[in-house]
>>> print(open('data.txt').read())   # compact mmCIF, C-alpha atoms
# COMPACT_ATOMS: atom_id res chain seq x y z
CA MET Y 2 3.91 -26.33 10.89
CA SER Y 3 3.25 -28.79 8.08
CA GLN Y 4 5.44 -28.25 5.04
CA ALA Y 5 2.62 -29.77 2.97
CA SER Y 6 0.74 -26.49 3.42
CA LEU Y 7 3.37 -24.47 1.59
CA GLY Y 8 3.48 -24.53 -2.20
CA PRO Y 9 1.37 -26.78 -4.47
CA LEU Y 10 3.90 -29.52 -5.21
CA GLY Y 11 6.30 -27.19 -6.98
CA GLN Y 12 3.74 -25.86 -9.47
CA VAL Y 13 3.88 -22.35 -8.03
CA ARG Y 14 7.00 -20.26 -8.33
CA ILE Y 15 7.63 -17.00 -6.56
CA GLY Y 16 9.09 -14.69 -9.18
CA GLU Y 17 11.07 -11.50 -8.70
CA ARG Y 18 8.04 -9.21 -8.42
CA ALA Y 19 6.28 -11.44 -5.88
CA ALA Y 20 9.51 -11.90 -3.91
CA ARG Y 21 9.95 -8.15 -3.68
CA THR Y 22 6.35 -7.79 -2.52
CA LEU Y 23 6.81 -10.43 0.18
CA THR Y 24 9.91 -8.66 1.50
CA ALA Y 25 8.60 -5.09 1.15
CA GLU Y 26 8.33 -4.68 4.93
CA LEU Y 27 12.03 -5.49 5.24
CA GLN Y 28 12.92 -3.02 2.49
CA ARG Y 29 11.02 -0.11 4.06
CA HIS Y 30 12.06 -0.64 7.69
CA PRO Y 31 15.34 1.15 8.55
CA GLY Y 32 16.18 -1.17 11.43
CA PRO Y 33 17.57 -2.49 13.56
CA LYS Y 34 14.91 -5.13 13.05
CA SER Y 35 14.37 -8.84 13.54
CA ALA Y 36 12.99 -10.97 10.73
CA LEU Y 37 12.17 -14.61 10.16
CA ILE Y 38 11.67 -16.53 6.92
CA VAL Y 39 9.86 -19.86 6.63
CA GLY Y 40 9.95 -22.12 3.58
CA ALA Y 41 12.91 -20.63 1.69
CA GLY Y 42 15.70 -22.69 0.13
CA PRO Y 43 19.17 -21.49 -0.88
CA ASP Y 44 17.91 -20.57 -4.36
CA SER Y 45 14.80 -18.72 -3.14
CA LEU Y 46 14.31 -15.25 -4.61
CA VAL Y 47 12.56 -14.31 -1.38
CA LEU Y 48 15.67 -15.17 0.61
CA GLY Y 49 17.80 -13.21 -1.85
CA GLU Y 50 15.62 -10.11 -1.48
CA ALA Y 51 15.67 -10.47 2.30
CA LEU Y 52 19.46 -10.69 2.39
CA ASP Y 53 19.71 -7.60 0.18
CA ALA Y 54 17.47 -5.71 2.63
CA LEU Y 55 19.60 -6.44 5.69
CA GLN Y 56 21.13 -3.42 7.39
CA PRO Y 57 23.63 -3.14 10.27
CA ASP Y 58 22.33 -4.68 13.51
CA ASP Y 59 19.49 -6.52 11.73
CA GLN Y 60 18.88 -10.16 12.63
CA LEU Y 61 17.45 -12.72 10.20
CA THR Y 62 16.38 -16.24 11.20
CA ILE Y 63 15.76 -18.81 8.47
CA VAL Y 64 13.68 -21.91 9.18
CA GLY Y 65 15.33 -24.45 6.93
CA GLY Y 66 13.37 -27.68 7.46
CA ASP Y 67 14.91 -30.47 5.39
CA GLN Y 68 17.15 -27.93 3.62
CA VAL Y 69 18.83 -26.78 6.82
CA ALA Y 70 22.27 -28.16 5.90
CA ALA Y 71 22.24 -26.61 2.43
CA LEU Y 72 21.07 -23.28 3.84
CA ARG Y 73 23.81 -23.22 6.48
CA ALA Y 74 26.41 -23.91 3.83
CA TYR Y 75 24.96 -21.17 1.63
CA ILE Y 76 24.89 -18.59 4.43
CA ALA Y 77 28.42 -19.51 5.49
CA GLY Y 78 29.62 -18.65 2.00
CA LEU Y 79 28.25 -15.07 2.12
CA ASP Y 80 30.05 -11.94 3.26
CA THR Y 81 30.98 -12.16 6.92
CA GLU Y 82 28.77 -9.24 7.94
CA ILE Y 83 25.69 -10.81 6.32
CA ALA Y 84 26.48 -14.32 7.55
CA GLU Y 85 26.80 -13.08 11.13
CA ALA Y 86 23.36 -11.48 10.91
CA CYS Y 87 21.74 -14.80 9.92
CA THR Y 88 20.77 -17.84 11.94
CA VAL Y 89 19.52 -21.05 10.33
CA VAL Y 90 17.29 -23.36 12.37
CA GLN Y 91 15.50 -26.54 11.37
CA THR Y 92 12.06 -26.00 12.91
CA PRO Y 93 9.96 -22.98 13.91
CA THR Y 94 10.11 -24.05 17.58
CA GLU Y 95 13.83 -23.21 17.57
CA ALA Y 96 13.17 -19.63 16.47
CA SER Y 97 12.45 -16.57 18.61
CA PRO Y 98 9.54 -14.24 17.75
CA ALA Y 99 10.44 -11.64 15.13
CA GLU Y 100 9.03 -8.25 14.07
CA ILE Y 101 8.64 -9.37 10.46
CA VAL Y 102 7.74 -12.98 9.64
CA ILE Y 103 7.68 -13.99 5.96
CA VAL Y 104 6.36 -17.20 4.43
CA ALA Y 105 8.44 -17.72 1.29
CA GLU Y 106 6.01 -20.07 -0.49
CA PRO Y 107 2.28 -19.60 -1.13
CA VAL Y 108 -0.08 -21.28 1.31
CA VAL Y 109 -2.35 -23.79 -0.44
CA GLY Y 110 -4.69 -26.64 0.44
CA ALA Y 111 -7.78 -26.95 2.57
CA ALA Y 112 -9.04 -24.09 4.71
CA GLU Y 113 -8.42 -26.06 7.90
CA ASP Y 114 -4.80 -26.73 6.91
CA ALA Y 115 -4.32 -23.04 6.17
CA ARG Y 116 -5.87 -22.11 9.51
CA LEU Y 117 -3.47 -24.37 11.40
CA THR Y 118 -0.54 -22.99 9.41
CA ILE Y 119 -1.44 -19.38 10.19
CA GLU Y 120 -2.05 -20.13 13.86
CA SER Y 121 1.34 -21.79 14.18
CA LEU Y 122 2.98 -18.77 12.54
CA THR Y 123 1.28 -16.22 14.80
CA LYS Y 124 3.40 -17.53 17.69
CA LEU Y 125 6.49 -16.37 15.79
CA VAL Y 126 5.29 -12.77 15.39
CA ALA Y 127 6.58 -10.35 18.02
CA GLU Y 128 4.33 -7.74 19.67
CA GLY Y 129 3.27 -5.23 17.02
CA GLY Y 130 4.96 -7.29 14.31
CA VAL Y 131 3.59 -8.36 10.94
CA LEU Y 132 3.12 -11.72 9.22
CA VAL Y 133 3.51 -11.63 5.42
CA VAL Y 134 2.00 -14.58 3.57
CA ALA Y 135 0.95 -15.26 -0.02
CA VAL Y 136 -1.88 -17.33 -1.42
CA VAL Y 137 -2.47 -18.37 -5.01
CA ALA Y 138 -4.97 -15.97 -6.60
CA VAL Y 139 -6.37 -18.49 -9.10
CA PRO Y 140 -9.68 -20.24 -8.27
CA GLY Y 141 -9.26 -23.96 -7.83
CA VAL Y 142 -5.48 -23.87 -7.32
CA ALA Y 143 -5.21 -22.47 -3.80
CA GLY Y 144 -8.09 -24.56 -2.47
CA GLY Y 145 -9.80 -23.34 0.68
CA ALA Y 146 -6.60 -21.57 1.72
CA ALA Y 147 -7.60 -18.48 -0.27
CA ASP Y 148 -10.89 -18.15 1.64
CA GLU Y 149 -9.10 -18.64 4.95
CA LEU Y 150 -6.53 -15.95 4.14
CA ASP Y 151 -9.31 -13.56 3.07
CA ARG Y 152 -11.06 -14.19 6.38
CA ARG Y 153 -7.87 -13.60 8.35
CA SER Y 154 -7.16 -10.46 6.35
CA ALA Y 155 -10.63 -9.10 7.18
CA GLN Y 156 -9.78 -9.53 10.88
CA PHE Y 157 -6.09 -8.71 11.04
CA GLY Y 158 -5.10 -7.38 7.61
CA VAL Y 159 -3.01 -4.22 7.34
CA GLY Y 160 -2.44 -4.42 3.60
CA ALA Y 161 -2.72 -6.72 0.59
CA ASP Y 162 -1.15 -6.71 -2.87
CA LEU Y 163 -2.17 -8.68 -5.94
CA VAL Y 164 0.85 -9.79 -7.98
CA LEU Y 165 -0.47 -10.57 -11.45
CA LEU Y 166 3.01 -10.93 -12.94
CA ASN Y 167 3.67 -14.24 -11.27
CA THR Y 168 3.07 -17.85 -12.34
CA PRO Y 169 0.34 -18.22 -11.23
CA PRO Y 170 -0.73 -14.83 -9.79
CA VAL Y 171 -0.59 -14.55 -6.00
CA ARG Y 172 -2.10 -12.25 -3.40
CA VAL Y 173 0.22 -11.16 -0.62
CA HIS Y 174 -1.46 -10.51 2.74
CA LYS Y 175 0.07 -8.55 5.62
CA LEU Y 176 -1.42 -9.54 8.98
CA ARG Y 177 -0.87 -7.85 12.35
CA PHE Y 178 -2.24 -9.61 15.44
CA SER Y 179 -1.35 -6.95 18.02
CA GLU Y 180 -1.28 -3.16 17.95
CA ALA Y 181 1.73 -1.43 16.41
CA ASP Y 182 3.01 1.86 17.79
CA ALA Y 183 2.25 4.77 15.45
CA ALA Y 184 5.73 6.15 16.18
CA VAL Y 185 7.23 3.28 14.16
CA ALA Y 186 5.87 4.90 10.99
CA ALA Y 187 8.22 7.88 11.42
CA GLY Y 188 11.18 5.75 10.35
CA LEU Y 189 9.54 3.89 7.47
CA ALA Y 190 10.13 4.39 3.77
CA PRO Y 191 7.07 4.34 1.44
CA ALA Y 192 6.03 0.77 0.68
CA TYR Y 193 6.69 -0.96 -2.61
CA ARG Y 194 3.35 -1.40 -4.38
CA THR Y 195 2.64 -3.98 -7.07
CA SER Y 196 -0.41 -1.88 -7.93
CA SER Y 197 2.03 0.57 -9.52
CA VAL Y 198 3.33 -0.83 -12.82
CA PRO Y 199 6.73 0.58 -13.85
CA LEU Y 200 7.16 2.14 -17.29
CA THR Y 201 10.50 3.82 -16.55
CA SER Y 202 12.60 4.31 -13.43
CA THR Y 203 10.64 7.47 -12.59
CA MET Y 204 7.18 6.86 -14.06
CA HIS Y 205 4.68 4.16 -13.16
CA ILE Y 206 1.05 3.50 -14.11
CA ASP Y 207 -1.41 2.44 -11.43
CA SER Y 208 -2.97 -0.96 -12.09
CA ASN Y 209 -6.35 0.74 -12.51
CA GLY Y 210 -4.90 2.46 -15.57
CA VAL Y 211 -3.59 -0.78 -17.02
CA ALA Y 212 -7.03 -2.35 -16.58
CA ALA Y 213 -8.84 0.65 -18.08
CA ALA Y 214 -6.53 0.77 -21.09
CA GLY Y 215 -6.96 -2.97 -21.55
CA ILE Y 216 -10.74 -2.62 -21.58
CA ALA Y 217 -10.51 0.18 -24.18
CA LEU Y 218 -8.24 -1.90 -26.42
CA GLY Y 219 -10.50 -4.93 -25.98
CA LEU Y 220 -13.51 -2.89 -27.04
CA ALA Y 221 -11.56 -1.65 -30.06
CA ALA Y 222 -10.75 -5.24 -31.04
CA VAL Y 223 -14.40 -6.27 -30.73
CA LEU Y 224 -15.63 -3.31 -32.80
CA ARG Y 225 -13.08 -3.99 -35.52
CA THR Y 226 -14.19 -7.63 -35.65
CA VAL Y 227 -17.96 -7.05 -35.75
CA ARG Y 228 -17.80 -3.93 -37.95
CA PRO Y 229 -14.69 -4.35 -40.12
CA LYS Y 230 -15.66 -1.58 -42.54
CA SER Y 231 -16.25 0.99 -39.81
CA LYS Y 232 -13.63 3.24 -38.23
CA ALA Y 233 -15.50 3.27 -34.91
CA TRP Y 234 -12.84 1.02 -33.37
CA LEU Y 235 -10.39 3.94 -33.57
CA VAL Y 236 -12.26 5.81 -30.81
CA PRO Y 237 -11.54 3.32 -27.96
CA ALA Y 238 -8.14 2.47 -29.46
CA LEU Y 239 -7.01 6.10 -29.42
CA ALA Y 240 -8.54 6.61 -25.97
CA ALA Y 241 -6.47 3.83 -24.39
CA GLY Y 242 -3.34 5.95 -24.14
CA PRO Y 243 -4.93 9.02 -22.51
CA VAL Y 244 -6.91 6.80 -20.13
CA ALA Y 245 -3.73 5.03 -19.00
CA ALA Y 246 -1.96 8.39 -18.67
CA PHE Y 247 -4.65 9.59 -16.28
CA PHE Y 248 -3.49 6.88 -13.86
CA ARG Y 249 0.19 7.83 -14.09
CA ASP Y 250 2.10 7.43 -10.86
CA PRO Y 251 5.43 9.31 -10.98
CA HIS Y 252 8.23 8.86 -8.47
CA ARG Y 253 8.31 11.60 -5.88
CA HIS Y 254 11.04 12.91 -3.56
CA VAL Y 255 9.58 13.30 -0.07
CA PRO Y 256 11.10 16.10 2.08
CA ALA Y 257 13.17 14.69 4.93
CA ASP Y 258 12.23 17.52 7.32
CA PRO Y 259 10.13 15.91 10.11
CA ALA Y 260 8.24 19.19 10.62
CA ALA Y 261 6.98 19.22 7.03
CA VAL Y 262 3.44 18.17 6.12
CA VAL Y 263 3.22 17.34 2.41
CA ALA Y 264 0.39 17.56 -0.11
CA ALA Y 265 -1.85 14.50 -0.35
CA SER Y 266 -2.29 15.03 -4.10
CA ASP Y 267 -1.35 17.18 -7.06
CA GLY Y 268 -3.62 20.14 -7.84
CA LYS Y 269 -4.59 23.69 -6.93
CA VAL Y 270 -5.27 24.86 -3.37
CA LEU Y 271 -8.95 25.78 -3.09
CA SER Y 272 -9.07 26.90 0.52
CA VAL Y 273 -7.16 27.12 3.79
CA GLU Y 274 -9.43 27.45 6.79
CA ARG Y 275 -9.97 26.63 10.44
CA LEU Y 276 -13.03 24.65 11.48
CA TYR Y 277 -14.44 22.18 13.97
CA ASP Y 278 -15.43 18.67 12.94
CA GLU Y 279 -16.72 16.44 15.74
CA ARG Y 280 -16.47 13.35 13.53
CA PHE Y 281 -12.73 13.36 14.14
CA ALA Y 282 -12.15 15.06 17.50
CA ASP Y 283 -13.47 17.80 19.77
CA GLU Y 284 -10.88 20.35 18.67
CA GLU Y 285 -10.22 22.89 15.94
CA PHE Y 286 -8.69 21.69 12.70
CA LEU Y 287 -6.72 23.43 9.99
CA ARG Y 288 -8.13 22.21 6.67
CA ILE Y 289 -6.31 22.56 3.36
CA ALA Y 290 -8.45 21.62 0.33
CA VAL Y 291 -6.89 20.84 -3.08
CA PHE Y 292 -8.75 20.52 -6.39
CA LEU Y 293 -7.51 17.99 -8.95
CA SER Y 294 -8.38 18.52 -12.59
CA VAL Y 295 -8.53 15.62 -15.03
CA LEU Y 296 -4.98 16.53 -16.10
CA ASP Y 297 -3.48 16.16 -12.61
CA VAL Y 298 -1.93 13.02 -11.11
CA HIS Y 299 -4.71 11.39 -9.10
CA VAL Y 300 -2.69 9.03 -6.89
CA ASN Y 301 -3.19 10.05 -3.26
CA ARG Y 302 -0.34 10.03 -0.73
CA SER Y 303 -0.12 10.32 3.03
CA PRO Y 304 0.73 13.88 4.15
CA VAL Y 305 2.41 12.63 7.34
CA ALA Y 306 3.82 9.41 8.74
CA GLY Y 307 1.32 7.66 10.96
CA LYS Y 308 -1.02 4.79 11.72
CA VAL Y 309 -4.48 4.38 10.21
CA VAL Y 310 -6.89 4.36 13.17
CA ASP Y 311 -10.19 4.84 11.35
CA TYR Y 312 -11.71 4.83 7.88
CA PHE Y 313 -15.27 5.59 6.82
CA VAL Y 314 -17.23 6.70 3.77
CA GLU Y 315 -20.10 9.19 3.77
CA ASP Y 316 -22.71 9.33 1.04
CA GLY Y 317 -23.48 12.52 -0.84
CA GLY Y 318 -23.73 14.13 -4.23
CA TYR Y 319 -21.41 14.63 -7.20
CA ALA Y 320 -21.09 18.40 -7.53
CA ALA Y 321 -18.12 19.84 -9.41
CA ALA Y 322 -15.14 19.44 -7.05
CA MET Y 323 -14.06 23.11 -7.25
CA LYS Y 324 -17.47 24.39 -6.10
CA PRO Y 325 -18.60 24.89 -2.47
CA GLU Y 326 -21.33 22.27 -3.00
CA ALA Y 327 -18.58 19.63 -3.21
CA GLU Y 328 -18.43 19.84 0.57
CA HIS Y 329 -21.38 17.45 0.54
CA ASN Y 330 -20.10 15.05 -2.13
CA VAL Y 331 -19.42 11.37 -1.53
CA ALA Y 332 -16.19 11.25 0.48
CA ALA Y 333 -13.86 8.71 2.08
CA TYR Y 334 -12.10 9.71 5.30
CA THR Y 335 -8.80 8.14 6.38
CA VAL Y 336 -7.90 9.05 9.97
CA LEU Y 337 -4.25 8.80 11.00
CA GLU Y 338 -2.55 8.94 14.37
CA ASP Y 339 0.47 11.12 13.64
CA ALA Y 340 3.77 9.31 14.27
CA LEU Y 341 5.30 12.36 15.97
CA GLY Y 342 2.52 12.70 18.51
CA HIS Y 343 0.72 15.75 17.12
CA GLY Y 344 -2.69 14.11 17.19
CA LYS Y 345 -5.15 13.08 14.50
CA VAL Y 346 -4.59 13.87 10.83
CA VAL Y 347 -7.42 13.23 8.37
CA ILE Y 348 -7.33 12.87 4.59
CA ALA Y 349 -10.66 13.27 2.82
CA GLN Y 350 -10.94 11.87 -0.72
CA ARG Y 351 -13.91 13.63 -2.32
CA THR Y 352 -15.60 12.71 -5.57
CA GLY Y 353 -16.40 15.35 -8.19
CA LEU Y 354 -18.69 15.84 -11.16
CA ILE Y 355 -16.83 13.21 -13.21
CA ALA Y 356 -15.11 11.23 -10.45
CA ARG Y 357 -17.31 8.42 -9.19
CA ARG Y 358 -14.83 5.93 -7.73
CA ILE Y 359 -12.59 6.28 -4.70
CA VAL Y 360 -9.82 3.73 -4.13
CA GLN Y 361 -8.37 3.41 -0.62
CA ARG Y 362 -5.75 0.73 0.04
CA ALA Y 363 -4.73 1.39 3.66
CA PRO Y 364 -6.87 -0.59 6.14
CA VAL Y 365 -7.18 0.31 9.80
CA GLY Y 366 -3.95 -0.68 11.56
CA ALA Y 367 -1.71 0.02 8.56
CA LEU Y 368 1.41 2.11 9.05
CA LEU Y 369 2.01 4.76 6.38
CA ALA Y 370 5.26 6.56 5.70
CA LYS Y 371 5.12 10.24 4.81
CA GLY Y 372 4.41 10.50 1.07
CA GLU Y 373 3.33 6.86 0.77
CA ARG Y 374 0.66 5.98 -1.81
CA PHE Y 375 -2.57 4.91 -0.14
CA GLY Y 376 -5.20 5.31 -2.87
CA LEU Y 377 -6.56 7.34 -5.76
CA ILE Y 378 -9.72 8.95 -7.13
CA ARG Y 379 -10.78 8.29 -10.68
CA PHE Y 380 -10.95 11.51 -12.74
CA GLY Y 381 -11.54 15.08 -11.43
CA SER Y 382 -11.79 15.30 -7.65
CA ARG Y 383 -10.66 16.96 -4.43
CA THR Y 384 -8.55 16.04 -1.41
CA ASP Y 385 -8.74 17.74 1.97
CA VAL Y 386 -6.09 17.45 4.68
CA TYR Y 387 -7.19 18.14 8.27
CA LEU Y 388 -4.48 18.98 10.83
CA PRO Y 389 -4.76 19.88 14.52
CA ALA Y 390 -4.97 23.69 14.36
CA SER Y 391 -3.04 24.10 17.61
CA ALA Y 392 -0.06 22.17 16.24
CA ALA Y 393 0.22 23.17 12.58
CA GLU Y 394 0.63 26.28 10.44
CA ALA Y 395 -0.26 26.42 6.73
CA VAL Y 396 2.45 27.53 4.29
CA VAL Y 397 0.25 27.56 1.16
CA ALA Y 398 -2.60 29.82 0.10
CA PRO Y 399 -5.63 29.50 -2.22
CA GLY Y 400 -4.50 29.42 -5.85
CA ASP Y 401 -1.13 27.77 -5.15
CA ARG Y 402 -0.19 24.70 -7.20
CA VAL Y 403 0.99 21.71 -5.18
CA ILE Y 404 2.66 18.38 -6.01
CA GLY Y 405 1.67 15.31 -4.02
CA ALA Y 406 4.31 14.07 -1.55
CA GLU Y 407 6.73 16.88 -2.52
CA THR Y 408 5.10 20.25 -1.81
CA VAL Y 409 5.11 21.29 1.85
CA ILE Y 410 1.58 22.53 2.62
CA ALA Y 411 2.02 23.04 6.40
CA ARG Y 412 4.57 22.79 9.16
CA TRP Y 413 4.30 21.40 12.65
CA LEU Y 414 4.85 24.08 15.30
>>> encode(input="data.txt", output="structure tokens")
Amino acid sequence: MSQASLGPLGQVRIGERAARTLTAELQRHPGPKSALIVGAGPDSLVLGEALDALQPDDQLTIVGGDQVAALRAYIAGLDTEIAEACTVVQTPTEASPAEIVIVAEPVVGAAEDARLTIESLTKLVAEGGVLVVAVVAVPGVAGGAADELDRRSAQFGVGADLVLLNTPPVRVHKLRFSEADAAVAAGLAPAYRTSSVPLTSTMHIDSNGVAAAGIALGLAAVLRTVRPKSKAWLVPALAAGPVAAFFRDPHRHVPADPAAVVAASDGKVLSVERLYDERFADEEFLRIAVFLSVLDVHVNRSPVAGKVVDYFVEDGGYAAAMKPEAEHNVAAYTVLEDALGHGKVVIAQRTGLIARRIVQRAPVGALLAKGERFGLIRFGSRTDVYLPASAAEAVVAPGDRVIGAETVIARWL
């Protein structure tokens, strides 16, 4: 692999937030696991995050290139347990395939150079493993590499994160070239998401909220400039806070009980019923529907650990989400293969009277931990969870209040 395809001549730096995003797969995987890093020097924040993520019986290979001697000296100076888990090689050909392969510097340059780089890296990814690579998210800086990574992501992507707080911003792509076993998801922790901006240790704001608040404040600034004697600017200025609060994303404690199925969102249980839906499978489902008011947290979370095997959107109306007519509203369906082997689990994100935008961030092939964020619905809405009726029993009833990722709504039999 050509080192010229990594990093635009030192102009791009991977900061702490981007480094954590690049190593998120290491952080969430309990191990034992094998990992490989390409393009990291001794002072790389990516390498530092990777070393912090190592657990007993993990193995980390570092492709050092022309920094191989300095890297070996650096690793030798670490704690014995960490040093023994690391191997430093000079070229990728000396490395064995790993479950998690991380490119520590953004890929830049021409599309053909990026294509050759990615193809050389695919040989280092073990069966079912993932390649994590960043590209500069600024037009004209990344060159054709950005288009090539977008194309690869459309084919093999199982997740992407935009890291705006980096110089310059980068987009981190996760690529999987062979099928991963859904059972792997059972041991995963929820992924770190750059789309969730921390305010405190327990409260975040989704990036949609930051953008919406920014637009409101921008409008306030424009109104104050063009109409300095008017107080009209106060309306968008005062609205910025409540709009951002709508997109709040609090930390949640997910029950450890493997038999527990958790709520996909905050809200009030509208119905618990059994039904058939041939769109998902020729079997009976237990469906638990939850209504979200504009005051509820609207971040959606996976009710079980599993693998995304299908995703589709169906057109419809925009009836009030608490009414029966909402059954025919616009809805996005995420179909999971349950990690514990219970069958298909479906999460329906339904729009409402006010809600007109569904966000879903888990492409087909992605592995989701129980309680992991996978999307949101803007303003009032409804989420339905479909479970195989023969394998699950509801533990909530209409009128109950639930908290996403924390409240147990059903149990596996």
>>> residues_near_point(input="data.txt", point="(-1.1, -2.2, 4.8)", cutoff="8 Å", atoms="only C-alpha atoms", output="PyMOL selection string")
chain Y and resi 158-161+175+362-364+366-369
>>> write_last_selection(input="data.txt", atoms="C-alpha atoms", output="JSON list (two decimals), in the frame of the given file")
[["chain", "number", "residue", "atom", "x", "y", "z"],
["Y", 158, "GLY", "CA", -5.10, -7.38, 7.61],
["Y", 159, "VAL", "CA", -3.01, -4.22, 7.34],
["Y", 160, "GLY", "CA", -2.44, -4.42, 3.60],
["Y", 161, "ALA", "CA", -2.72, -6.72, 0.59],
["Y", 175, "LYS", "CA", 0.07, -8.55, 5.62],
["Y", 362, "ARG", "CA", -5.75, 0.73, 0.04],
["Y", 363, "ALA", "CA", -4.73, 1.39, 3.66],
["Y", 364, "PRO", "CA", -6.87, -0.59, 6.14],
["Y", 366, "GLY", "CA", -3.95, -0.68, 11.56],
["Y", 367, "ALA", "CA", -1.71, 0.02, 8.56],
["Y", 368, "LEU", "CA", 1.41, 2.11, 9.05],
["Y", 369, "LEU", "CA", 2.01, 4.76, 6.38]]
>>> residues_around(input="data.txt", residues="segment 85-87 of chain Y", least_positions_apart="3", cutoff="8 Å", atoms="only C-alpha atoms", output="list of chain:residue names")
Y:Asp58, Y:Asp59, Y:Gln60, Y:Leu61, Y:Thr62, Y:Ile63, Y:Ile76, Y:Thr81, Y:Glu82
>>> atom_distance(input="data.txt", atom1="atom CA of Ile15 of chain Y", atom2="atom CA of Leu200 of chain Y")
21.9 Å
>>> closest_residue(input="data.txt", among="Y:Gly405, Y:Pro31, Y:Gly130, Y:Pro389", to="Pro256 of chain Y", atoms="all atoms listed in the file")
Y:Gly405
>>> closest_residue(input="data.txt", among="Y:Val164, Y:Val270, Y:Val69, Y:Val336", to="Ala395 of chain Y", atoms="only C-alpha atoms")
Y:Val270
>>> atom_distance(input="data.txt", atom1="atom CA of Glu285 of chain Y", atom2="atom CA of His299 of chain Y")
28.1 Å
>>> closest_residue(input="data.txt", among="Y:Val310, Y:Ala370, Y:Ala261, Y:Leu377", to="Asp297 of chain Y", atoms="all atoms listed in the file")
Y:Leu377
>>> residues_around(input="data.txt", residues="Asn330 of chain Y", least_positions_apart="6", cutoff="6 Å", atoms="only C-alpha atoms", output="list in words")
Gly317, Gly318 and Tyr319 of chain Y
>>> closest_residue(input="data.txt", among="Y:Asn209, Y:Thr201, Y:Thr195, Y:Thr352", to="Ala25 of chain Y", atoms="all atoms listed in the file")
Y:Thr195
>>> residues_around(input="data.txt", residues="segment 233-248 of chain Y", least_positions_apart="2", cutoff="6 Å", atoms="all atoms listed in the file", output="number ranges by chain")
Y: 206-207, 210, 214, 217-218, 221, 224-225, 231
>>> atom_distance(input="data.txt", atom1="atom CA of Glu394 of chain Y", atom2="atom CA of Val263 of chain Y")
12.3 Å
>>> residues_around(input="data.txt", residues="Ser391 of chain Y", least_positions_apart="6", cutoff="9 Å", atoms="only C-alpha atoms", output="ChimeraX atom specification")
/Y:284-287,414
>>> closest_residue(input="data.txt", among="Y:Asp267, Y:Asp339, Y:Asp148, Y:Glu326", to="Pro251 of chain Y", atoms="only C-alpha atoms")
Y:Asp267
>>> residues_around(input="data.txt", residues="segment 289-293 of chain Y", least_positions_apart="3", cutoff="8 Å", atoms="all atoms listed in the file", output="PyMOL selection string")
chain Y and resi 266-274+296-299+322-323+381-387+395+410
>>> closest_residue(input="data.txt", among="Y:Arg374, Y:His174, Y:His329, Y:His252", to="Gly353 of chain Y", atoms="only C-alpha atoms")
Y:His329
>>> residues_near_point(input="data.txt", point="(3.6, 12.3, 2.4)", cutoff="6 Å", atoms="all atoms listed in the file", output="PyMOL selection string")
chain Y and resi 263+302-305+371-373+406
